[in-house]
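Below is the file run36.cif, which contains mmCIF, C-alpha atoms.
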```cif
data_entry
loop_
_atom_site.group_PDB
_atom_site.id
_atom_site.type_symbol
_atom_site.label_atom_id
_atom_site.label_comp_id
_atom_site.auth_asym_id
_atom_site.auth_seq_id
_atom_site.Cartn_x
_atom_site.Cartn_y
_atom_site.Cartn_z
ATOM 1 C CA MET N 6 -1.971 -18.423 0.923
ATOM 2 C CA SER N 7 -5.052 -18.386 -1.264
ATOM 3 C CA LEU N 8 -5.018 -19.329 -4.940
ATOM 4 C CA ARG N 9 -8.265 -17.419 -5.493
ATOM 5 C CA ARG N 10 -6.888 -14.634 -7.615
ATOM 6 C CA GLN N 11 -7.905 -12.265 -10.365
ATOM 7 C CA TYR N 12 -5.422 -10.645 -12.719
ATOM 8 C CA PHE N 13 -5.918 -7.339 -14.538
ATOM 9 C CA GLU N 14 -3.765 -5.237 -16.865
ATOM 10 C CA TYR N 15 -5.925 -2.103 -16.752
ATOM 11 C CA PRO N 16 -5.063 0.581 -15.808
ATOM 12 C CA PHE N 17 -1.775 -1.158 -14.835
ATOM 13 C CA LYS N 18 -0.869 -4.699 -13.838
ATOM 14 C CA HIS N 19 -2.521 -5.842 -10.626
ATOM 15 C CA TRP N 20 -3.819 -8.941 -8.872
ATOM 16 C CA ILE N 21 -6.597 -9.333 -6.292
ATOM 17 C CA PHE N 22 -6.435 -12.261 -3.859
ATOM 18 C CA ASP N 23 -9.375 -13.038 -1.596
ATOM 19 C CA ASP N 24 -8.830 -15.239 1.488
ATOM 20 C CA PHE N 25 -5.108 -14.514 1.194
ATOM 21 C CA PHE N 26 -4.188 -15.974 4.579
ATOM 22 C CA SER N 27 -5.741 -19.008 6.199
ATOM 23 C CA PRO N 28 -8.838 -18.115 8.267
ATOM 24 C CA ARG N 29 -6.964 -18.840 11.489
ATOM 25 C CA ARG N 30 -3.972 -16.663 10.539
ATOM 26 C CA ALA N 31 -6.159 -13.810 9.285
ATOM 27 C CA LYS N 32 -8.175 -13.876 12.513
ATOM 28 C CA ALA N 33 -4.989 -13.745 14.593
ATOM 29 C CA LEU N 34 -3.649 -10.797 12.607
ATOM 30 C CA SER N 35 -6.892 -8.909 13.004
ATOM 31 C CA THR N 36 -7.179 -9.650 16.723
ATOM 32 C CA GLU N 37 -3.538 -8.886 17.556
ATOM 33 C CA PHE N 38 -3.231 -5.787 15.382
ATOM 34 C CA PRO N 39 -1.598 -3.196 17.672
ATOM 35 C CA VAL N 40 -4.062 -0.770 19.177
ATOM 36 C CA PRO N 41 -3.645 2.990 18.727
ATOM 37 C CA GLY N 42 -0.853 4.237 20.956
ATOM 38 C CA GLU N 43 2.691 5.529 21.126
ATOM 39 C CA MET N 44 4.216 3.107 18.611
ATOM 40 C CA TRP N 45 2.433 4.764 15.707
ATOM 41 C CA HIS N 46 3.622 7.647 13.561
ATOM 42 C CA HIS N 47 0.701 9.944 12.742
ATOM 43 C CA TYR N 48 0.625 11.557 9.295
ATOM 44 C CA SER N 49 -1.898 14.373 9.419
ATOM 45 C CA ASN N 50 -1.969 16.940 6.639
ATOM 46 C CA SER N 51 -3.988 17.952 3.592
ATOM 47 C CA VAL N 52 -3.067 14.849 1.549
ATOM 48 C CA GLU N 53 -2.973 12.069 4.146
ATOM 49 C CA GLU N 54 -4.548 11.192 7.460
ATOM 50 C CA LYS N 55 -3.100 7.862 8.574
ATOM 51 C CA PHE N 56 -1.018 5.998 11.153
ATOM 52 C CA ALA N 57 1.996 3.840 10.301
ATOM 53 C CA ASP N 58 4.802 1.854 11.900
ATOM 54 C CA ARG N 59 7.637 -0.156 10.348
ATOM 55 C CA ASN N 60 9.613 -1.240 13.424
ATOM 56 C CA LEU N 61 9.343 -4.983 12.897
ATOM 57 C CA SER N 62 11.035 -5.772 16.232
ATOM 58 C CA LYS N 63 8.100 -4.161 18.080
ATOM 59 C CA PHE N 64 5.384 -6.000 16.144
ATOM 60 C CA PRO N 65 3.466 -8.823 17.851
ATOM 61 C CA PRO N 66 5.047 -12.251 17.119
ATOM 62 C CA VAL N 67 2.359 -13.260 14.603
ATOM 63 C CA PHE N 68 3.177 -10.166 12.531
ATOM 64 C CA GLN N 69 6.916 -10.786 12.756
ATOM 65 C CA GLU N 70 6.351 -14.296 11.427
ATOM 66 C CA VAL N 71 4.125 -13.104 8.587
ATOM 67 C CA PHE N 72 6.500 -10.342 7.479
ATOM 68 C CA ASN N 73 9.464 -12.708 7.575
ATOM 69 C CA ASN N 74 7.526 -15.201 5.458
ATOM 70 C CA LEU N 75 6.491 -12.567 2.919
ATOM 71 C CA MET N 76 10.114 -11.440 2.638
ATOM 72 C CA GLY N 77 11.418 -15.023 2.531
ATOM 73 C CA ASP N 78 12.787 -16.942 -0.431
ATOM 74 C CA GLN N 79 9.719 -19.143 -0.984
ATOM 75 C CA PHE N 80 7.284 -16.253 -1.300
ATOM 76 C CA VAL N 81 9.675 -14.034 -3.266
ATOM 77 C CA ASN N 82 10.322 -16.879 -5.725
ATOM 78 C CA TRP N 83 6.572 -17.244 -6.207
ATOM 79 C CA LEU N 84 6.292 -13.486 -6.678
ATOM 80 C CA GLN N 85 9.047 -13.520 -9.304
ATOM 81 C CA ARG N 86 7.219 -16.197 -11.264
ATOM 82 C CA THR N 87 3.830 -14.520 -10.897
ATOM 83 C CA THR N 88 4.996 -11.083 -12.025
ATOM 84 C CA GLY N 89 7.598 -12.197 -14.561
ATOM 85 C CA GLU N 90 10.233 -10.102 -12.718
ATOM 86 C CA PRO N 91 13.118 -12.519 -11.979
ATOM 87 C CA ASP N 92 15.197 -9.952 -10.096
ATOM 88 C CA LEU N 93 12.639 -8.901 -7.487
ATOM 89 C CA VAL N 94 13.833 -8.606 -3.897
ATOM 90 C CA PRO N 95 11.907 -7.520 -0.788
ATOM 91 C CA ASP N 96 12.544 -4.192 0.873
ATOM 92 C CA THR N 97 13.570 -5.584 4.242
ATOM 93 C CA THR N 98 13.844 -2.052 5.676
ATOM 94 C CA LEU N 99 10.063 -1.650 5.224
ATOM 95 C CA HIS N 100 10.626 1.914 4.031
ATOM 96 C CA GLY N 101 7.089 3.324 3.805
ATOM 97 C CA ALA N 102 5.689 -0.164 4.464
ATOM 98 C CA GLY N 103 4.837 -2.145 7.608
ATOM 99 C CA LEU N 104 1.589 -1.705 9.529
ATOM 100 C CA HIS N 105 -0.935 0.981 8.568
ATOM 101 C CA TYR N 106 -4.317 2.012 9.857
ATOM 102 C CA HIS N 107 -6.849 4.737 9.151
ATOM 103 C CA ALA N 108 -9.446 5.800 11.694
ATOM 104 C CA LYS N 109 -12.660 7.686 10.985
ATOM 105 C CA GLY N 110 -11.788 10.580 8.667
ATOM 106 C CA GLY N 111 -8.674 8.812 7.384
ATOM 107 C CA MET N 112 -7.645 9.267 3.762
ATOM 108 C CA LEU N 113 -4.694 9.053 1.387
ATOM 109 C CA ARG N 114 -4.984 11.202 -1.722
ATOM 110 C CA THR N 115 -4.162 9.855 -5.163
ATOM 111 C CA HIS N 116 -0.408 9.567 -5.645
ATOM 112 C CA LEU N 117 2.538 7.820 -7.248
ATOM 113 C CA ASP N 118 4.987 6.044 -4.959
ATOM 114 C CA TYR N 119 8.673 6.890 -4.893
ATOM 115 C CA SER N 120 10.605 5.508 -7.862
ATOM 116 C CA LEU N 121 14.068 4.758 -6.448
ATOM 117 C CA HIS N 122 14.691 3.571 -2.903
ATOM 118 C CA PRO N 123 16.539 6.297 -0.944
ATOM 119 C CA ASP N 124 18.984 3.857 0.672
ATOM 120 C CA ASN N 125 19.881 1.269 -1.959
ATOM 121 C CA GLY N 126 18.885 2.920 -5.247
ATOM 122 C CA LEU N 127 16.730 -0.006 -6.372
ATOM 123 C CA GLU N 128 13.478 0.672 -8.204
ATOM 124 C CA ARG N 129 10.193 0.095 -6.423
ATOM 125 C CA LYS N 130 8.332 -2.361 -8.641
ATOM 126 C CA TYR N 131 5.429 -3.946 -6.722
ATOM 127 C CA ASN N 132 3.286 -3.188 -3.694
ATOM 128 C CA LEU N 133 1.523 -5.876 -1.687
ATOM 129 C CA ILE N 134 -1.285 -4.726 0.633
ATOM 130 C CA VAL N 135 -3.382 -7.062 2.800
ATOM 131 C CA TYR N 136 -6.501 -5.729 4.551
ATOM 132 C CA LEU N 137 -7.237 -6.942 8.071
ATOM 133 C CA SER N 138 -10.462 -5.257 9.232
ATOM 134 C CA GLU N 139 -13.080 -7.871 10.057
ATOM 135 C CA GLY N 140 -16.598 -6.810 9.179
ATOM 136 C CA TRP N 141 -15.522 -3.806 7.148
ATOM 137 C CA LYS N 142 -18.475 -2.406 5.181
ATOM 138 C CA PRO N 143 -17.845 -0.947 1.710
ATOM 139 C CA GLU N 144 -20.190 1.958 2.448
ATOM 140 C CA TRP N 145 -17.658 3.165 5.031
ATOM 141 C CA GLY N 146 -15.267 3.956 2.172
ATOM 142 C CA GLY N 147 -11.556 3.288 2.045
ATOM 143 C CA ALA N 148 -11.649 1.423 -1.278
ATOM 144 C CA LEU N 149 -8.319 1.462 -3.114
ATOM 145 C CA ASP N 150 -8.806 3.520 -6.276
ATOM 146 C CA PHE N 151 -6.674 2.992 -9.380
ATOM 147 C CA TRP N 152 -6.515 5.740 -11.997
ATOM 148 C CA GLU N 153 -5.583 6.142 -15.619
ATOM 149 C CA GLY N 154 -2.937 8.784 -16.237
ATOM 150 C CA ASP N 155 0.585 9.624 -17.298
ATOM 151 C CA SER N 156 3.660 10.447 -15.254
ATOM 152 C CA LYS N 157 2.354 13.977 -14.575
ATOM 153 C CA GLU N 158 -1.207 13.448 -13.330
ATOM 154 C CA PRO N 159 -4.150 11.038 -13.184
ATOM 155 C CA THR N 160 -6.956 11.567 -15.682
ATOM 156 C CA ARG N 161 -9.791 9.133 -14.899
ATOM 157 C CA LYS N 162 -10.682 6.705 -12.123
ATOM 158 C CA ALA N 163 -10.429 3.203 -13.550
ATOM 159 C CA ARG N 164 -11.170 0.794 -10.677
ATOM 160 C CA SER N 165 -12.142 0.769 -7.001
ATOM 161 C CA ILE N 166 -11.163 -2.247 -4.898
ATOM 162 C CA ASP N 167 -13.012 -2.590 -1.587
ATOM 163 C CA CYS N 168 -10.719 -3.170 1.394
ATOM 164 C CA LEU N 169 -12.456 -6.368 2.484
ATOM 165 C CA PHE N 170 -11.100 -8.529 5.285
ATOM 166 C CA ASN N 171 -8.249 -10.853 4.249
ATOM 167 C CA ARG N 172 -8.123 -9.419 0.725
ATOM 168 C CA ALA N 173 -4.680 -8.767 -0.768
ATOM 169 C CA VAL N 174 -3.856 -6.493 -3.670
ATOM 170 C CA LEU N 175 -0.574 -6.762 -5.557
ATOM 171 C CA PHE N 176 0.140 -4.026 -8.087
ATOM 172 C CA ASP N 177 2.824 -2.645 -10.348
ATOM 173 C CA THR N 178 4.197 0.694 -9.122
ATOM 174 C CA SER N 179 5.217 1.963 -12.547
ATOM 175 C CA SER N 180 5.441 5.601 -13.582
ATOM 176 C CA ASN N 181 1.667 5.859 -14.114
ATOM 177 C CA SER N 182 0.317 3.752 -11.230
ATOM 178 C CA TRP N 183 -1.807 6.440 -9.576
ATOM 179 C CA HIS N 184 -3.617 5.085 -6.516
ATOM 180 C CA GLY N 185 -5.116 6.109 -3.183
ATOM 181 C CA PHE N 186 -8.484 7.043 -1.715
ATOM 182 C CA ASN N 187 -9.458 10.703 -1.711
ATOM 183 C CA ASP N 188 -12.660 10.640 0.322
ATOM 184 C CA PRO N 189 -12.297 10.436 4.122
ATOM 185 C CA ILE N 190 -13.658 7.171 5.486
ATOM 186 C CA VAL N 191 -16.889 7.296 7.494
ATOM 187 C CA CYS N 192 -16.553 4.200 9.667
ATOM 188 C CA PRO N 193 -17.800 4.180 13.281
ATOM 189 C CA GLU N 194 -15.459 5.664 15.871
ATOM 190 C CA LYS N 195 -14.168 2.304 17.144
ATOM 191 C CA GLU N 196 -13.515 0.794 13.708
ATOM 192 C CA LEU N 197 -10.132 0.947 11.945
ATOM 193 C CA ARG N 198 -9.100 0.344 8.345
ATOM 194 C CA LYS N 199 -6.175 -1.983 9.139
ATOM 195 C CA SER N 200 -3.589 -3.256 6.669
ATOM 196 C CA ILE N 201 -0.074 -4.546 6.198
ATOM 197 C CA ALA N 202 2.106 -3.434 3.296
ATOM 198 C CA LEU N 203 5.306 -4.746 1.744
ATOM 199 C CA TYR N 204 7.259 -3.453 -1.233
ATOM 200 C CA TYR N 205 9.415 -5.340 -3.705
ATOM 201 C CA LEU N 206 12.336 -3.852 -5.615
ATOM 202 C CA ALA N 207 14.500 -4.558 -8.657
ATOM 203 C CA PRO N 208 17.486 -2.989 -10.440
ATOM 204 C CA PRO N 209 16.401 0.306 -12.039
ATOM 205 C CA SER N 210 14.764 0.063 -15.447
ATOM 206 C CA SER N 211 14.914 2.634 -18.232
ATOM 207 C CA SER N 212 11.565 4.039 -17.044
ATOM 208 C CA ALA N 213 12.740 4.706 -13.468
ATOM 209 C CA ASP N 214 12.438 8.345 -12.381
ATOM 210 C CA PRO N 215 15.450 9.371 -10.251
ATOM 211 C CA SER N 216 13.760 12.670 -9.399
ATOM 212 C CA ARG N 217 10.835 10.935 -7.659
ATOM 213 C CA LYS N 218 12.390 10.146 -4.309
ATOM 214 C CA ARG N 219 9.158 10.598 -2.364
ATOM 215 C CA ALA N 220 5.486 10.016 -3.075
ATOM 216 C CA LYS N 221 4.105 12.355 -5.729
ATOM 217 C CA PHE N 222 0.547 13.454 -4.999
ATOM 218 C CA ALA N 223 -1.856 14.484 -7.737
ATOM 219 C CA PRO N 224 -2.763 18.157 -8.100
ATOM 220 C CA THR N 225 -6.005 19.059 -6.323
ATOM 221 C CA GLY N 226 -6.802 22.521 -7.687
ATOM 222 C CA ASP N 227 -6.590 23.998 -4.202
ATOM 223 C CA PRO N 228 -3.624 26.446 -4.157
ATOM 224 C CA GLU N 229 -2.667 25.809 -0.538
ATOM 225 C CA THR N 230 -2.825 22.014 -0.867
ATOM 226 C CA ASP N 231 -0.946 22.052 -4.170
ATOM 227 C CA ARG N 232 1.766 24.231 -2.634
ATOM 228 C CA PHE N 233 2.095 21.717 0.210
ATOM 229 C CA ILE N 234 2.346 18.881 -2.364
ATOM 230 C CA GLN N 235 5.226 20.648 -4.097
ATOM 231 C CA GLU N 236 7.022 21.239 -0.807
ATOM 232 C CA ARG N 237 6.463 17.660 0.342
ATOM 233 C CA SER N 238 7.808 16.129 -2.877
ATOM 234 C CA SER N 239 11.028 18.131 -2.609
#
```
Just dump the structure as structure tokens.
Amino acid sequence: MSLRRQYFEYPFKHWIFDDFFSPRRAKALSTEFPVPGEMWHHYSNSVEEKFADRNLSKFPPVFQEVFNNLMGDQFVNWLQRTTGEPDLVPDTTLHGAGLHYHAKGGMLRTHLDYSLHPDNGLERKYNLIVYLSEGWKPEWGGALDFWEGDSKEPTRKARSIDCLFNRAVLFDTSSNSWHGFNDPIVCPEKELRKSIALYYLAPPSSSADPSRKRAKFAPTGDPETDRFIQERSS
């Protein structure tokens, strides 16, 4: 794992790691990333256009090894020290995590993640995303946008992080950690915005929001989309 990292506290705590995996491991993950097919769950609606899968047993062996390592004691201990959260544990169910990809036109509107895990009641504290698309060009879009805001809505875009190959982003999923990418990507037909995601949990804090059991998407101003957002969150 790379030690080339940048740490930021605005608009919420986050780290950027370039060359996260060794070149050989990153190449293998990119090459063996599962191709579009039946294993994927397709989310296609007015707030998200993406494909996801969390069935670790069906992942290629190199992905099984990587996920097991990132959920293992050595990495979690490092994560506890890095974040200052001594009680962090990995979500081994990969609820909402796992493998993700976006094809041309893919997007994920600005949102807050769920607050409390639906199965164990722990609070979602940190997201780790690693991008695996070799040769991805920033002009194709797909940058991860972070926004200022409160628990109700985002107010101003604060940072855009390009989804460059073998770049990892670790960020605090607090009550105001609005993130996503609103503009559909414009990559060529055969290109995919590929990533892996893992989430880390801790006992609920005083700021946990028990009512936020699913992702909360930001209002768009479009009545039909905003009605769908309300229905989806409930």
Problem set entry | Evaluate the PyMOL selection byres ((chain N and resi 59-61) around 7) and report residues as a list in words |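 Applied to this file, the PyMOL selection byres ((chain N and resi 59-61) around 7) returns Ala57, Asp58, Ser62, Lys63, Phe64, Gln69, Leu99, Ala102, Gly103 and Leu104 of chain N.
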Exercise. Which is closer to Ala213 in chain N than all the others in N:Thr178, N:Asn50, N:Thr115, N:Gln85, using only C-alpha atoms?
Worked result: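 Closest residue, counting only C-alpha atoms: N:Thr178.
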For this session: Enumerate, as a ChimeraX atom specification, the residues matched when the PyMOL selection byres ((chain N and resi 116-132) around 9) is run on the file above.
Result: /N:88,90,93,96,100,113-115,133-134,156,158-159,174-185,202-210,213-223
Could you dump the residues just selected with C-alpha atoms as a PDB file, in the coordinates of the input?
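Once everything was written out, this is selection_37.pdb:
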```
ATOM      1  CA  THR N  88       4.996 -11.083 -12.025  1.00  0.00           C
ATOM      2  CA  GLU N  90      10.233 -10.102 -12.718  1.00  0.00           C
ATOM      3  CA  LEU N  93      12.639  -8.901  -7.487  1.00  0.00           C
ATOM      4  CA  ASP N  96      12.544  -4.192   0.873  1.00  0.00           C
ATOM      5  CA  HIS N 100      10.626   1.914   4.031  1.00  0.00           C
ATOM      6  CA  LEU N 113      -4.694   9.053   1.387  1.00  0.00           C
ATOM      7  CA  ARG N 114      -4.984  11.202  -1.722  1.00  0.00           C
ATOM      8  CA  THR N 115      -4.162   9.855  -5.163  1.00  0.00           C
ATOM      9  CA  LEU N 133       1.523  -5.876  -1.687  1.00  0.00           C
ATOM     10  CA  ILE N 134      -1.285  -4.726   0.633  1.00  0.00           C
ATOM     11  CA  SER N 156       3.660  10.447 -15.254  1.00  0.00           C
ATOM     12  CA  GLU N 158      -1.207  13.448 -13.330  1.00  0.00           C
ATOM     13  CA  PRO N 159      -4.150  11.038 -13.184  1.00  0.00           C
ATOM     14  CA  VAL N 174      -3.856  -6.493  -3.670  1.00  0.00           C
ATOM     15  CA  LEU N 175      -0.574  -6.762  -5.557  1.00  0.00           C
ATOM     16  CA  PHE N 176       0.140  -4.026  -8.087  1.00  0.00           C
ATOM     17  CA  ASP N 177       2.824  -2.645 -10.348  1.00  0.00           C
ATOM     18  CA  THR N 178       4.197   0.694  -9.122  1.00  0.00           C
ATOM     19  CA  SER N 179       5.217   1.963 -12.547  1.00  0.00           C
ATOM     20  CA  SER N 180       5.441   5.601 -13.582  1.00  0.00           C
ATOM     21  CA  ASN N 181       1.667   5.859 -14.114  1.00  0.00           C
ATOM     22  CA  SER N 182       0.317   3.752 -11.230  1.00  0.00           C
ATOM     23  CA  TRP N 183      -1.807   6.440  -9.576  1.00  0.00           C
ATOM     24  CA  HIS N 184      -3.617   5.085  -6.516  1.00  0.00           C
ATOM     25  CA  GLY N 185      -5.116   6.109  -3.183  1.00  0.00           C
ATOM     26  CA  ALA N 202       2.106  -3.434   3.296  1.00  0.00           C
ATOM     27  CA  LEU N 203       5.306  -4.746   1.744  1.00  0.00           C
ATOM     28  CA  TYR N 204       7.259  -3.453  -1.233  1.00  0.00           C
ATOM     29  CA  TYR N 205       9.415  -5.340  -3.705  1.00  0.00           C
ATOM     30  CA  LEU N 206      12.336  -3.852  -5.615  1.00  0.00           C
ATOM     31  CA  ALA N 207      14.500  -4.558  -8.657  1.00  0.00           C
ATOM     32  CA  PRO N 208      17.486  -2.989 -10.440  1.00  0.00           C
ATOM     33  CA  PRO N 209      16.401   0.306 -12.039  1.00  0.00           C
ATOM     34  CA  SER N 210      14.764   0.063 -15.447  1.00  0.00           C
ATOM     35  CA  ALA N 213      12.740   4.706 -13.468  1.00  0.00           C
ATOM     36  CA  ASP N 214      12.438   8.345 -12.381  1.00  0.00           C
ATOM     37  CA  PRO N 215      15.450   9.371 -10.251  1.00  0.00           C
ATOM     38  CA  SER N 216      13.760  12.670  -9.399  1.00  0.00           C
ATOM     39  CA  ARG N 217      10.835  10.935  -7.659  1.00  0.00           C
ATOM     40  CA  LYS N 218      12.390  10.146  -4.309  1.00  0.00           C
ATOM     41  CA  ARG N 219       9.158  10.598  -2.364  1.00  0.00           C
ATOM     42  CA  ALA N 220       5.486  10.016  -3.075  1.00  0.00           C
ATOM     43  CA  LYS N 221       4.105  12.355  -5.729  1.00  0.00           C
ATOM     44  CA  PHE N 222       0.547  13.454  -4.999  1.00  0.00           C
ATOM     45  CA  ALA N 223      -1.856  14.484  -7.737  1.00  0.00           C
TER      46      ALA N 223
END
```
Problem set entry | Given only C-alpha atoms as the counted atoms, nearest of N:Glu139, N:Asp231, N:Asp150, N:Asp78 to Ser165 in chain N |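 Closest residue, counting only C-alpha atoms: N:Asp150.
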Problem set entry | Gap from CA of Tyr15 in chain N to CA of Phe186 in chain N - Å, one decimal |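 Here the two named atoms are 17.8 Å from each other.
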